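J.: One file is attached below, upload.cif, containing mmCIF, C-alpha atoms.
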data_target
#
loop_
_atom_site.label_atom_id
_atom_site.label_comp_id
_atom_site.auth_asym_id
_atom_site.auth_seq_id
_atom_site.Cartn_x
_atom_site.Cartn_y
_atom_site.Cartn_z
CA MET V 559 0.00 0.00 0.00
CA GLU V 560 1.30 3.43 -0.91
CA ARG V 561 1.59 5.97 1.89
CA ILE V 562 -0.84 8.83 1.93
CA ASN V 563 1.08 12.05 1.37
CA ILE V 564 0.12 13.85 4.57
CA SER V 565 1.73 14.80 7.86
CA ALA V 566 -0.09 14.07 11.12
CA LEU V 567 0.25 15.70 14.52
CA VAL V 568 -0.40 13.18 17.28
CA PHE V 569 -1.48 14.88 20.51
CA CYS V 570 -1.64 12.41 23.36
CA GLU V 571 -0.41 12.58 26.96
CA ASP V 572 -0.28 8.85 27.46
CA PRO V 573 3.17 7.81 26.18
CA GLY V 574 2.10 4.22 25.54
CA LEU V 575 -0.91 5.17 23.45
CA ARG V 576 1.06 7.92 21.70
CA SER V 577 3.72 5.42 20.72
CA ASP V 578 1.09 2.92 19.51
CA VAL V 579 -0.58 5.54 17.33
CA ILE V 580 2.77 6.66 15.87
CA GLU V 581 3.60 3.03 14.99
CA GLN V 582 0.22 2.61 13.29
CA LEU V 583 0.73 5.77 11.29
CA LYS V 584 4.24 4.96 10.03
CA PRO V 585 3.15 2.77 7.09
CA LEU V 586 0.14 4.98 6.33
CA VAL V 587 1.34 8.60 6.16
CA ARG V 588 4.39 10.60 5.11
CA SER V 589 5.26 11.74 8.64
CA ALA V 590 3.83 11.74 12.16
CA ILE V 591 4.78 14.25 14.88
CA PRO V 592 4.24 13.05 18.47
CA VAL V 593 3.43 15.71 21.08
CA ALA V 594 2.41 15.40 24.73
CA SER V 595 1.13 18.91 25.39
CA GLN V 596 -0.21 21.98 23.66
CA SER V 597 3.01 23.91 24.29
CA GLU V 598 5.04 21.08 22.75
CA ALA V 599 2.71 21.04 19.76
CA ILE V 600 3.14 24.74 19.19
CA ALA V 601 6.92 24.50 19.64
CA LYS V 602 7.29 21.52 17.28
CA ALA V 603 4.70 22.20 14.67
CA SER V 604 4.35 25.95 14.29
CA ASN V 605 6.73 25.98 11.36
CA GLN V 606 5.45 22.78 9.79
CA ASP V 607 2.35 22.02 7.85
CA PHE V 608 0.21 19.10 8.92
CA GLU V 609 -3.02 17.92 7.39
CA LEU V 610 -4.28 15.82 10.31
CA VAL V 611 -4.48 16.14 14.09
CA ILE V 612 -5.04 12.99 16.08
CA TYR V 613 -6.15 14.12 19.52
CA ARG V 614 -6.52 12.28 22.77
CA THR V 615 -6.55 13.71 26.26
CA ALA V 616 -7.59 12.48 29.65
CA GLN V 617 -6.89 15.74 31.49
CA ALA V 618 -9.96 17.59 32.64
CA GLY V 619 -8.54 21.02 31.82
CA LEU V 620 -7.74 20.01 28.27
CA LYS V 621 -10.91 18.21 27.44
CA ASP V 622 -12.22 21.18 25.56
CA PRO V 623 -9.49 21.68 22.96
CA LYS V 624 -11.03 24.74 21.39
CA GLY V 625 -7.95 26.99 21.58
CA PHE V 626 -5.71 24.28 20.23
CA PHE V 627 -8.28 23.53 17.60
CA GLU V 628 -8.39 27.16 16.45
CA TRP V 629 -4.60 27.11 16.25
CA SER V 630 -4.68 24.00 14.08
CA LEU V 631 -7.13 25.64 11.72
CA MET V 632 -4.56 28.35 11.01
CA ARG V 633 -2.10 25.78 9.64
CA ARG V 634 -1.53 25.35 5.91
CA ASN V 635 -2.16 29.01 5.15
CA GLY V 636 -5.57 28.85 6.73
CA LYS V 637 -6.71 25.61 5.04
CA GLY V 638 -6.67 23.94 8.42
CA ALA V 639 -6.23 20.34 9.42
CA ALA V 640 -8.73 17.53 9.74
CA TRP V 641 -9.17 16.07 13.22
CA ILE V 642 -9.58 12.59 14.57
CA VAL V 643 -10.54 12.67 18.25
CA LEU V 644 -9.77 9.42 20.06
CA GLY V 645 -12.40 8.59 22.66
CA LYS V 646 -15.58 10.50 23.28
CA ASP V 647 -14.83 12.56 26.36
CA ILE V 648 -14.55 15.86 24.54
CA GLU V 649 -16.61 18.72 25.88
CA ASN V 650 -18.54 20.81 23.42
CA PRO V 651 -17.85 18.69 20.31
CA GLU V 652 -20.34 20.75 18.32
CA ALA V 653 -17.88 23.66 18.32
CA LEU V 654 -15.35 21.43 16.57
CA LEU V 655 -17.81 19.98 14.10
CA GLU V 656 -18.91 23.45 12.99
CA LYS V 657 -15.52 24.45 11.71
CA ALA V 658 -13.64 21.54 10.26
CA GLU V 659 -13.76 17.90 9.30
CA VAL V 660 -13.75 16.17 12.69
CA LYS V 661 -14.19 12.45 13.22
CA PHE V 662 -14.66 10.84 16.59
CA LEU V 663 -13.18 7.38 17.00
CA GLU V 664 -14.45 5.77 20.18
CA ASP V 665 -12.81 2.40 19.59
CA TYR V 666 -9.37 3.94 19.22
CA LYS V 667 -7.50 0.82 20.33
CA ASN V 668 -8.80 -0.89 17.20
CA LYS V 669 -5.90 -0.39 14.78
CA GLU V 670 -8.00 -1.29 11.77
CA ALA V 671 -10.60 1.36 12.60
CA LEU V 672 -7.99 4.12 12.80
CA SER V 673 -6.34 3.19 9.49
CA GLN V 674 -9.73 2.96 7.78
CA LEU V 675 -10.73 6.36 9.10
CA ILE V 676 -7.52 7.96 7.88
CA GLY V 677 -7.99 6.33 4.49
CA THR V 678 -11.54 7.60 4.33
CA LEU V 679 -10.45 11.16 5.14
CA PHE V 680 -7.46 11.28 2.83
CA TYR V 681 -8.00 8.80 0.05
CA ARG V 682 -6.22 9.71 -3.15
CA SER V 683 -6.16 7.60 -6.27
CA PRO V 684 -2.92 5.61 -6.16
CA ALA V 685 -2.54 6.05 -9.89
CA ASP V 686 -2.24 9.82 -10.01
CA GLY V 687 -2.32 11.02 -6.41
CA LYS V 688 -4.78 13.77 -7.36
CA SER V 689 -8.38 12.79 -7.72
CA ALA V 690 -10.58 10.79 -5.41
CA PRO V 691 -13.63 9.70 -7.43
CA PRO V 692 -14.24 6.47 -5.47
CA LEU V 693 -15.18 8.26 -2.26
CA ASP V 694 -17.22 10.91 -3.97
CA VAL V 695 -20.85 10.51 -2.89
CA ASN V 696 -21.83 11.06 -6.52
CA PHE V 697 -19.96 7.87 -7.31
CA ILE V 698 -21.06 5.83 -4.28
CA ASN V 699 -24.74 6.80 -4.29
CA PRO V 700 -25.73 5.16 -7.61
CA ILE V 701 -24.10 1.93 -6.41
CA VAL V 702 -25.90 2.10 -3.05
CA LYS V 703 -29.21 2.90 -4.75
CA ALA V 704 -28.85 -0.06 -7.12
CA VAL V 705 -27.99 -2.49 -4.31
CA VAL V 706 -30.90 -1.39 -2.10
CA GLU V 707 -33.50 -1.25 -4.89
CA VAL V 708 -32.58 -4.50 -6.62
CA THR V 709 -32.31 -6.43 -3.36
CA ALA V 710 -35.70 -5.11 -2.25
CA SER V 711 -37.53 -5.65 -5.54
CA MET V 712 -36.07 -9.01 -6.56
CA GLY V 713 -35.14 -10.50 -3.20
CA GLN V 714 -37.69 -8.78 -0.98
CA VAL V 715 -34.92 -8.07 1.52
CA GLU V 716 -34.69 -4.60 3.03
CA LEU V 717 -31.17 -3.30 3.62
CA SER V 718 -29.77 -0.53 5.78
CA ARG V 719 -26.46 0.96 4.75
CA GLY V 720 -23.51 1.24 7.10
CA THR V 721 -20.56 3.61 6.90
CA PRO V 722 -18.19 3.02 3.97
CA PHE V 723 -14.66 2.00 4.95
CA LEU V 724 -11.38 0.99 3.39
CA LYS V 725 -10.37 -2.63 3.57
CA LYS V 726 -7.20 -3.30 5.53
CA PRO V 727 -4.39 -4.01 3.04
CA THR V 728 -3.53 -7.38 4.60
CA ASP V 729 -7.14 -8.51 4.06
CA ALA V 730 -7.39 -7.08 0.57
CA ALA V 731 -7.97 -10.45 -1.11
CA THR V 732 -10.34 -11.88 1.51
CA ALA V 733 -14.07 -11.58 0.97
CA GLN V 734 -16.44 -10.45 3.70
CA GLY V 735 -19.09 -13.06 3.04
CA ASP V 736 -19.65 -16.63 1.89
CA ILE V 737 -20.30 -16.03 -1.79
CA SER V 738 -19.34 -13.12 -4.06
CA GLY V 739 -20.15 -11.86 -7.52
CA ILE V 740 -17.37 -9.89 -9.23
CA ILE V 741 -17.59 -7.73 -12.33
CA ALA V 742 -15.16 -5.49 -14.24
CA MET V 743 -15.81 -1.77 -13.95
CA ASN V 744 -13.89 -0.08 -16.77
CA SER V 745 -14.39 3.29 -18.38
CA ASN V 746 -12.24 5.65 -20.41
CA ARG V 747 -11.28 7.35 -17.15
CA PHE V 748 -10.57 4.39 -14.86
CA ILE V 749 -10.26 0.64 -14.67
CA GLY V 750 -11.28 -1.59 -11.80
CA SER V 751 -13.77 -4.10 -10.50
CA LEU V 752 -16.76 -4.31 -8.20
CA ALA V 753 -17.74 -7.22 -5.95
CA LEU V 754 -20.92 -8.05 -4.05
CA CYS V 755 -20.24 -10.28 -1.04
CA PHE V 756 -23.20 -12.06 0.58
CA GLU V 757 -23.44 -13.93 3.85
CA GLU V 758 -25.03 -17.35 3.32
CA GLN V 759 -28.35 -16.76 5.09
CA VAL V 760 -29.10 -13.50 3.31
CA ILE V 761 -28.43 -14.86 -0.19
CA LEU V 762 -30.50 -17.97 0.57
CA GLU V 763 -33.38 -15.70 1.60
CA ILE V 764 -33.01 -13.60 -1.58
CA TYR V 765 -32.85 -16.76 -3.70
CA LYS V 766 -36.02 -18.15 -2.11
CA ASN V 767 -37.90 -14.92 -2.71
CA MET V 768 -36.65 -14.53 -6.28
CA LEU V 769 -37.47 -18.04 -7.44
CA GLY V 770 -40.16 -19.25 -5.08
CA THR V 771 -38.15 -22.30 -4.02
CA ALA V 772 -35.57 -22.68 -1.26
CA ALA V 773 -32.00 -23.75 -1.93
CA PRO V 774 -30.43 -26.06 0.67
CA SER V 775 -26.93 -24.60 0.34
CA LEU V 776 -24.75 -22.39 -1.80
CA ASN V 777 -25.16 -24.68 -4.81
CA ASP V 778 -24.79 -23.95 -8.53
CA GLU V 779 -28.29 -22.47 -8.72
CA VAL V 780 -27.46 -19.95 -5.99
CA LYS V 781 -24.17 -19.12 -7.73
CA ASP V 782 -26.11 -18.38 -10.89
CA ALA V 783 -28.49 -16.15 -8.93
CA VAL V 784 -25.54 -14.23 -7.43
CA ALA V 785 -24.12 -13.71 -10.92
CA GLU V 786 -27.45 -12.40 -12.19
CA LEU V 787 -27.91 -10.12 -9.15
CA THR V 788 -24.39 -8.75 -9.71
CA ASN V 789 -25.26 -8.22 -13.36
CA ILE V 790 -28.48 -6.35 -12.57
CA ILE V 791 -27.03 -4.23 -9.76
CA PHE V 792 -24.02 -3.34 -11.91
CA GLY V 793 -26.29 -2.53 -14.87
CA ASN V 794 -28.49 -0.23 -12.79
CA ALA V 795 -25.52 1.54 -11.16
CA LYS V 796 -23.77 1.84 -14.53
CA ARG V 797 -26.82 3.49 -16.09
CA ASP V 798 -26.93 6.17 -13.36
CA LEU V 799 -23.14 6.68 -13.31
CA ASN V 800 -23.03 7.06 -17.08
CA ILE V 801 -25.75 9.71 -16.88
CA LEU V 802 -23.29 11.61 -14.64
CA GLY V 803 -20.65 11.48 -17.37
CA HIS V 804 -18.82 8.21 -16.80
CA THR V 805 -18.51 5.79 -19.70
CA ILE V 806 -18.57 2.44 -17.91
CA ALA V 807 -18.60 -0.46 -20.33
CA PRO V 808 -20.82 -3.57 -20.14
CA ALA V 809 -19.23 -6.62 -18.50
CA ILE V 810 -20.01 -10.23 -17.58
CA PRO V 811 -19.81 -11.25 -13.88
CA SER V 812 -18.10 -14.23 -12.27
CA VAL V 813 -18.76 -15.87 -8.89
CA VAL V 814 -16.49 -17.23 -6.14
CA THR V 815 -17.63 -19.00 -3.01
CA GLY V 816 -16.41 -20.62 0.20
CA LYS V 817 -15.44 -19.46 3.67
CA ASN V 818 -12.66 -16.84 3.46
CA HIS V 819 -12.69 -17.03 -0.32
CA GLU V 820 -10.49 -14.57 -2.15
CA ILE V 821 -11.63 -11.73 -4.36
CA ARG V 822 -9.05 -10.79 -6.95
CA HIS V 823 -9.74 -7.25 -8.06
CA SER V 824 -8.50 -6.33 -11.50
CA VAL V 825 -6.26 -3.51 -10.23
CA LYS V 826 -4.30 -2.77 -7.07
CA GLY V 827 -5.32 0.11 -4.85
CA PHE V 828 -7.53 1.06 -1.96
CA CYS V 829 -10.54 -1.21 -1.64
CA ILE V 830 -13.65 0.80 -0.77
CA CYS V 831 -16.24 -1.23 1.12
CA ILE V 832 -19.90 -0.35 1.67
CA PRO V 833 -21.59 -2.60 4.25
CA PHE V 834 -25.33 -3.30 4.33
CA GLU V 835 -27.27 -5.01 7.11
CA SER V 836 -30.50 -6.99 6.83
CA LYS V 837 -32.50 -9.19 9.18
CA LYS V 838 -30.94 -12.22 7.50
CA GLY V 839 -27.33 -11.08 7.42
CA LYS V 840 -24.80 -8.80 5.83
CA ILE V 841 -23.97 -7.80 2.28
CA VAL V 842 -20.78 -5.90 1.52
CA VAL V 843 -20.15 -4.14 -1.76
CA GLU V 844 -16.52 -3.42 -2.48
CA TYR V 845 -14.64 -1.91 -5.37
CA VAL V 846 -11.16 -0.93 -6.42
CA ILE V 847 -10.54 1.50 -9.24
CA ALA V 848 -7.45 3.21 -10.58
CA THR V 849 -7.27 6.17 -12.92
CA ASN V 850 -6.84 5.02 -16.49
CA ASN V 851 -4.14 7.30 -17.91
CA MET S 1121 -53.07 -12.09 -24.59
CA PHE S 1122 -50.99 -14.87 -26.12
CA GLU S 1123 -52.83 -18.18 -26.22
CA SER S 1124 -51.79 -20.97 -23.87
CA LYS S 1125 -50.40 -23.03 -26.77
CA SER S 1126 -48.15 -20.14 -27.91
CA ARG S 1127 -44.53 -21.18 -28.40
CA ILE S 1128 -42.17 -18.91 -26.50
CA LEU S 1129 -38.37 -18.84 -26.59
CA VAL S 1130 -36.60 -17.42 -23.50
CA ILE S 1131 -32.92 -16.55 -23.96
CA ASP S 1132 -30.66 -15.54 -21.08
CA ASP S 1133 -27.17 -16.66 -20.07
CA PHE S 1134 -28.36 -16.86 -16.44
CA LYS S 1135 -30.57 -19.77 -15.52
CA THR S 1136 -31.99 -17.67 -12.68
CA MET S 1137 -33.49 -15.11 -15.04
CA ARG S 1138 -34.79 -17.79 -17.42
CA LYS S 1139 -36.48 -19.40 -14.42
CA ILE S 1140 -37.97 -16.11 -13.19
CA ILE S 1141 -39.39 -15.37 -16.65
CA THR S 1142 -40.64 -18.95 -17.09
CA ASN S 1143 -42.35 -18.79 -13.69
CA VAL S 1144 -44.19 -15.62 -14.71
CA LEU S 1145 -45.18 -17.20 -18.04
CA LYS S 1146 -46.49 -20.28 -16.22
CA SER S 1147 -48.57 -18.06 -13.96
CA LEU S 1148 -50.11 -16.62 -17.14
CA ASN S 1149 -50.87 -20.14 -18.37
CA LEU S 1150 -48.09 -19.94 -20.98
CA GLU S 1151 -46.22 -23.22 -20.54
CA ASN S 1152 -44.99 -24.00 -24.06
CA VAL S 1153 -41.57 -22.51 -23.35
CA VAL S 1154 -38.14 -23.34 -24.78
CA GLU S 1155 -35.01 -22.00 -23.08
CA SER S 1156 -31.65 -21.06 -24.59
CA GLU S 1157 -28.46 -19.84 -22.89
CA ASP S 1158 -27.20 -17.52 -25.61
CA ALA S 1159 -28.42 -15.65 -28.67
CA ALA S 1160 -25.84 -17.48 -30.80
CA ASP S 1161 -27.39 -20.82 -29.83
CA ALA S 1162 -30.92 -19.44 -30.15
CA LEU S 1163 -30.68 -18.32 -33.78
CA PRO S 1164 -30.53 -21.85 -35.29
CA ILE S 1165 -33.34 -22.92 -32.91
CA ILE S 1166 -35.51 -20.07 -34.21
CA GLU S 1167 -34.70 -20.85 -37.86
CA SER S 1168 -35.24 -24.58 -37.41
CA ALA S 1169 -38.60 -24.02 -35.69
CA LYS S 1170 -39.76 -21.87 -38.58
CA GLN S 1171 -38.62 -24.46 -41.16
CA SER S 1172 -40.48 -27.23 -39.33
CA SER S 1173 -43.66 -25.11 -39.31
CA GLN S 1174 -43.56 -24.67 -35.55
CA PRO S 1175 -42.43 -21.03 -35.39
CA PHE S 1176 -42.07 -19.21 -32.12
CA ASP S 1177 -44.91 -16.84 -31.31
CA LEU S 1178 -42.70 -14.77 -29.03
CA ILE S 1179 -38.96 -14.33 -28.37
CA ILE S 1180 -37.87 -12.97 -24.98
CA SER S 1181 -34.14 -12.23 -24.99
CA ASP S 1182 -31.59 -10.81 -22.59
CA TRP S 1183 -29.44 -8.01 -24.00
CA ASN S 1184 -25.92 -8.69 -22.67
CA MET S 1185 -24.71 -12.24 -23.31
CA PRO S 1186 -21.19 -13.56 -23.93
CA LYS S 1187 -21.39 -15.08 -27.44
CA MET S 1188 -24.00 -12.92 -29.14
CA LYS S 1189 -25.92 -9.96 -27.75
CA GLY S 1190 -29.69 -9.82 -27.82
CA ILE S 1191 -29.63 -6.74 -30.04
CA GLU S 1192 -27.67 -8.69 -32.69
CA LEU S 1193 -30.20 -11.49 -32.55
CA LEU S 1194 -33.00 -8.94 -32.98
CA LYS S 1195 -31.24 -7.56 -36.05
CA LYS S 1196 -30.84 -11.04 -37.59
CA VAL S 1197 -34.47 -11.90 -36.92
CA ARG S 1198 -35.73 -8.65 -38.45
CA GLU S 1199 -33.45 -9.09 -41.49
CA ASN S 1200 -34.89 -12.55 -42.25
CA PRO S 1201 -38.22 -12.10 -44.10
CA ALA S 1202 -39.49 -15.43 -42.79
CA LEU S 1203 -38.95 -14.34 -39.18
CA ALA S 1204 -39.23 -10.56 -39.39
CA ASN S 1205 -42.69 -10.31 -37.84
CA THR S 1206 -41.93 -12.41 -34.77
CA PRO S 1207 -42.77 -10.52 -31.55
CA PHE S 1208 -39.47 -9.77 -29.81
CA LEU S 1209 -39.10 -8.57 -26.20
CA LEU S 1210 -35.65 -7.41 -25.04
CA VAL S 1211 -34.76 -7.69 -21.36
CA THR S 1212 -31.94 -5.49 -20.12
CA ALA S 1213 -30.24 -4.58 -16.88
CA GLU S 1214 -28.91 -1.36 -18.36
CA ALA S 1215 -31.64 0.66 -20.06
CA GLU S 1216 -29.36 3.44 -21.21
CA GLN S 1217 -31.00 5.85 -23.58
CA GLY S 1218 -28.69 4.96 -26.48
CA ASN S 1219 -29.49 1.25 -26.13
CA ILE S 1220 -33.23 1.82 -26.17
CA VAL S 1221 -33.05 4.05 -29.26
CA GLU S 1222 -30.95 1.42 -31.04
CA ALA S 1223 -33.42 -1.34 -30.17
CA VAL S 1224 -36.43 0.72 -31.28
CA LYS S 1225 -34.72 1.54 -34.60
CA LEU S 1226 -34.16 -2.17 -35.17
CA GLY S 1227 -37.85 -2.88 -34.60
CA VAL S 1228 -37.99 -4.32 -31.10
CA SER S 1229 -41.57 -5.07 -30.02
CA GLY S 1230 -40.90 -4.02 -26.44
CA TYR S 1231 -38.19 -3.85 -23.79
CA ILE S 1232 -38.19 -4.39 -20.08
CA VAL S 1233 -35.63 -3.30 -17.51
CA LYS S 1234 -34.35 -5.62 -14.78
CA PRO S 1235 -35.39 -5.76 -12.02
CA PHE S 1236 -39.06 -6.08 -12.98
CA SER S 1237 -42.15 -7.40 -11.25
CA PRO S 1238 -44.37 -10.19 -12.66
CA ALA S 1239 -47.09 -7.58 -13.22
CA VAL S 1240 -44.80 -5.43 -15.38
CA LEU S 1241 -43.77 -8.42 -17.52
CA SER S 1242 -47.42 -9.40 -17.89
CA GLU S 1243 -48.33 -5.86 -19.02
CA LYS S 1244 -45.50 -5.86 -21.56
CA LEU S 1245 -46.65 -9.17 -23.01
CA GLU S 1246 -50.19 -7.89 -23.32
CA ALA S 1247 -48.96 -4.73 -25.08
CA ILE S 1248 -46.79 -6.72 -27.49
CA TYR S 1249 -49.63 -9.08 -28.29
CA LYS S 1250 -51.98 -6.20 -29.10
CA LYS S 1251 -49.33 -4.42 -31.17
CA HIS S 1252 -48.62 -7.46 -33.35
CA LYS S 1253 -52.26 -8.44 -33.66
CA ALA S 1254 -53.08 -4.95 -34.94
CA ALA S 1255 -50.19 -4.97 -37.45
#
Transcribe the structure of this file into structure tokens.

T.:
Amino acid sequence: MERINISALVFCEDPGLRSDVIEQLKPLVRSAIPVASQSEAIAKASNQDFELVIYRTAQAGLKDPKGFFEWSLMRRNGKGAAWIVLGKDIENPEALLEKAEVKFLEDYKNKEALSQLIGTLFYRSPADGKSAPPLDVNFINPIVKAVVEVTASMGQVELSRGTPFLKKPTDAATAQGDISGIIAMNSNRFIGSLALCFEEQVILEIYKNMLGTAAPSLNDEVKDAVAELTNIIFGNAKRDLNILGHTIAPAIPSVVTGKNHEIRHSVKGFCICIPFESKKGKIVVEYVIATNN
Amino acid sequence: MFESKSRILVIDDFKTMRKIITNVLKSLNLENVVESEDAADALPIIESAKQSSQPFDLIISDWNMPKMKGIELLKKVRENPALANTPFLLVTAEAEQGNIVEAVKLGVSGYIVKPFSPAVLSEKLEAIYKKHKAA
């Protein structure tokens, strides 16, 4: 995985946690500056630009970081820095949310969650380092709409969408379900692929509702249904994306199955995942695209 | 509506969609159905049926298939004077404006966008039947 070209200021009094966060950041970002106090931050970082502040404090007097926050917003010639607040014991969080991109990470000891959040905030296409179409809501929304509508109309399964996240690089080839449909997603601007990963119980429910007969397991008939669902969802998303100016070409899906089966995306890069929950289980849509130039 | 003895050819590379369409046809009392996995395989079936005086009364074809696309099959059917008047319904997951215009220009009898409900398919069949009966 390529590092994201940003510098992060890590504000944390606890030396153990500070050290842990710095270690997590090393493979992810260009540089990370550890500081234990506001005065140290100002001394170390006043002459440096940083795009991200990771903030954690347990001291009562520092729980409201408004002054420090205002100072961080003056960085980068006034462009300011994004914030990730570790924990939830910040007073007056609304004041932070009004002025900059602030994310609160309650489960901050979860290394995966922190790396995903950083990726979500700072994703850049690995191919050109400039654009970020995959995390643009205009790109995600047609895919989400197609998944929800097709699953409801054909499978009679209602889905609720979770928060999109980036797949941890070490898990990049492992699916998040029991059966997956994969389809190429190529246009004159990018190349890539999209996968729909179903947990067994939810796809069996969809299959039963689509065809009026139950399948006992993930057999060839269910695989065929997954391929057709992938085809229809892709076709519906493609139609709406192409209306927005993309030129995504038609493609034929394939299916892989089995516990911990691997999804081989057609290009390397960040894998954007969109989770959906239903009463019968989870569906995750994931895609990887790289700029085609 | 098509009579119960009407011969109908359903073409889709996915068994699931063939089964969904066949189930709807059965519910409409249309059980004389032949299935094919690709337009390339379907063309000789259509020609042979015509030659043996058992022509298909309706062709329902998917658009995007690996060997031959449904739109190409439509073109070949319309170019053959013996088959040109066969009712032809295209089923597509894409429904982009350009595709629809192309299909209409080639003389498609109707098109339906996946996902669709049994009621929508039934309405399309009724409309196609009336259109061809009037022609």

J.: Once the PyMOL selection byres ((chain V) within 7 of (chain S)) is applied to the coordinates I shared, what remains selected? I want it as an mmCIF file with C-alpha atoms, keeping the file's coordinate frame.

T.:
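Writing done, so here's out-v8.cif:
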data_model
loop_
_atom_site.group_PDB
_atom_site.id
_atom_site.type_symbol
_atom_site.label_atom_id
_atom_site.label_comp_id
_atom_site.auth_asym_id
_atom_site.auth_seq_id
_atom_site.Cartn_x
_atom_site.Cartn_y
_atom_site.Cartn_z
ATOM 1 C CA VAL V 708 -32.580 -4.500 -6.620
ATOM 2 C CA SER V 711 -37.530 -5.650 -5.540
ATOM 3 C CA MET V 712 -36.070 -9.010 -6.560
ATOM 4 C CA LEU V 769 -37.470 -18.040 -7.440
ATOM 5 C CA ASP V 782 -26.110 -18.380 -10.890
ATOM 6 C CA ALA V 783 -28.490 -16.150 -8.930
ATOM 7 C CA GLU V 786 -27.450 -12.400 -12.190
ATOM 8 C CA ILE V 790 -28.480 -6.350 -12.570
ATOM 9 C CA GLY V 793 -26.290 -2.530 -14.870
ATOM 10 C CA ASN V 794 -28.490 -0.230 -12.790
ATOM 11 C CA ARG V 797 -26.820 3.490 -16.090
#

J.: Contacts of Leu1210 in chain S at 10 Å or less, counting all atoms listed in the file, minus same-chain residues fewer than 2 places along, as a short mmCIF file (atom, residue, chain, number, x, y, z; two decimals) with C-alpha atoms, in the coordinates of the input?

T.:
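Just written: part02.cif:
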data_model
loop_
_atom_site.label_atom_id
_atom_site.label_comp_id
_atom_site.auth_asym_id
_atom_site.auth_seq_id
_atom_site.Cartn_x
_atom_site.Cartn_y
_atom_site.Cartn_z
CA ILE S 1131 -32.92 -16.55 -23.96
CA ILE S 1179 -38.96 -14.33 -28.37
CA ILE S 1180 -37.87 -12.97 -24.98
CA SER S 1181 -34.14 -12.23 -24.99
CA ASP S 1182 -31.59 -10.81 -22.59
CA TRP S 1183 -29.44 -8.01 -24.00
CA GLY S 1190 -29.69 -9.82 -27.82
CA ILE S 1191 -29.63 -6.74 -30.04
CA LEU S 1194 -33.00 -8.94 -32.98
CA PHE S 1208 -39.47 -9.77 -29.81
CA THR S 1212 -31.94 -5.49 -20.12
CA ILE S 1220 -33.23 1.82 -26.17
CA ALA S 1223 -33.42 -1.34 -30.17
CA VAL S 1228 -37.99 -4.32 -31.10
CA SER S 1229 -41.57 -5.07 -30.02
CA GLY S 1230 -40.90 -4.02 -26.44
CA TYR S 1231 -38.19 -3.85 -23.79
CA ILE S 1232 -38.19 -4.39 -20.08
CA VAL S 1233 -35.63 -3.30 -17.51
#

J.: What separation in Å, quoted to one decimal, exists between CA of Cys831 in chain V and CA of Phe723 in chain V?

T.: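 Computing it gives 5.3 Å between the two atoms.
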
J.: What is the CA of Pro808 in chain V-CA of Ala753 in chain V distance in Å, reported with one decimal?

T.: 15.0 Å

J.: CA of Leu610 in chain V and CA of Ala566 in chain V, how far apart in Å?

T.: 4.6 Å

J.: Within 8 Å of (-29.7, -12.5, 7.0) (file coordinates; all atoms listed in the file), which protein or nucleic acid residues are there? I'd like them as a PDB file with C-alpha atoms, keeping the file's coordinate frame.

T.:
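Output file result_6.pdb follows:
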ATOM      1  CA  GLU V 757     -23.440 -13.930   3.850  1.00  0.00           C
ATOM      2  CA  GLU V 758     -25.030 -17.350   3.320  1.00  0.00           C
ATOM      3  CA  GLN V 759     -28.350 -16.760   5.090  1.00  0.00           C
ATOM      4  CA  VAL V 760     -29.100 -13.500   3.310  1.00  0.00           C
ATOM      5  CA  ILE V 761     -28.430 -14.860  -0.190  1.00  0.00           C
ATOM      6  CA  GLU V 763     -33.380 -15.700   1.600  1.00  0.00           C
ATOM      7  CA  GLU V 835     -27.270  -5.010   7.110  1.00  0.00           C
ATOM      8  CA  SER V 836     -30.500  -6.990   6.830  1.00  0.00           C
ATOM      9  CA  LYS V 837     -32.500  -9.190   9.180  1.00  0.00           C
ATOM     10  CA  LYS V 838     -30.940 -12.220   7.500  1.00  0.00           C
ATOM     11  CA  GLY V 839     -27.330 -11.080   7.420  1.00  0.00           C
ATOM     12  CA  LYS V 840     -24.800  -8.800   5.830  1.00  0.00           C
TER      13      LYS V 840
END

J.: Decode the PyMOL selection byres ((chain V and resi 614) around 9) for the given file into explicit residues and return them as a list of chain:residue names.

T.: V:Val568, V:Phe569, V:Cys570, V:Glu571, V:Asp572, V:Arg576, V:Ile612, V:Tyr613, V:Thr615, V:Ala616, V:Lys621, V:Ile642, V:Val643, V:Leu644, V:Gly645, V:Ile648

J.: Let me know the residues the PyMOL selection byres ((chain V and resi 706) around 12) catches in the file above, as number ranges by chain.

T.: V: 699-705, 707-719, 787, 790-791, 794-795, 832-836, 841-843; S: 1235

J.: Could you check which of V:Asn696, V:Cys829, V:Thr732, V:Ala640 is closest to Glu628 in chain V, using only C-alpha atoms?

T.: V:Ala640

J.: Using all atoms listed in the file, which of the listed residues (S:Pro1164, S:Gln1171, S:Arg1138, S:Asn1200) sits closest to Met768 in chain V?

T.: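 Checking each of S:Pro1164, S:Gln1171, S:Arg1138, S:Asn1200 against Met768 in chain V, counting all atoms listed in the file, the winner is S:Arg1138.
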
J.: Report the centre and edge lengths, in Å to one decimal, of an axis-aligned box enclosing every atom of range 660-663 of chain V listed in the file, padded by 8 Å on each side, as lines of an AutoDock Vina configuration file.

T.:
center_x = -13.9
center_y = 11.8
center_z = 14.8
size_x = 17.5
size_y = 24.8
size_z = 20.3

J.: Would you please work out which residue, of S:Leu1209, S:Ala1254, S:Val1153, S:Ile1165, is nearest to Ser1242 in chain S when using all atoms listed in the file?

T.: S:Leu1209
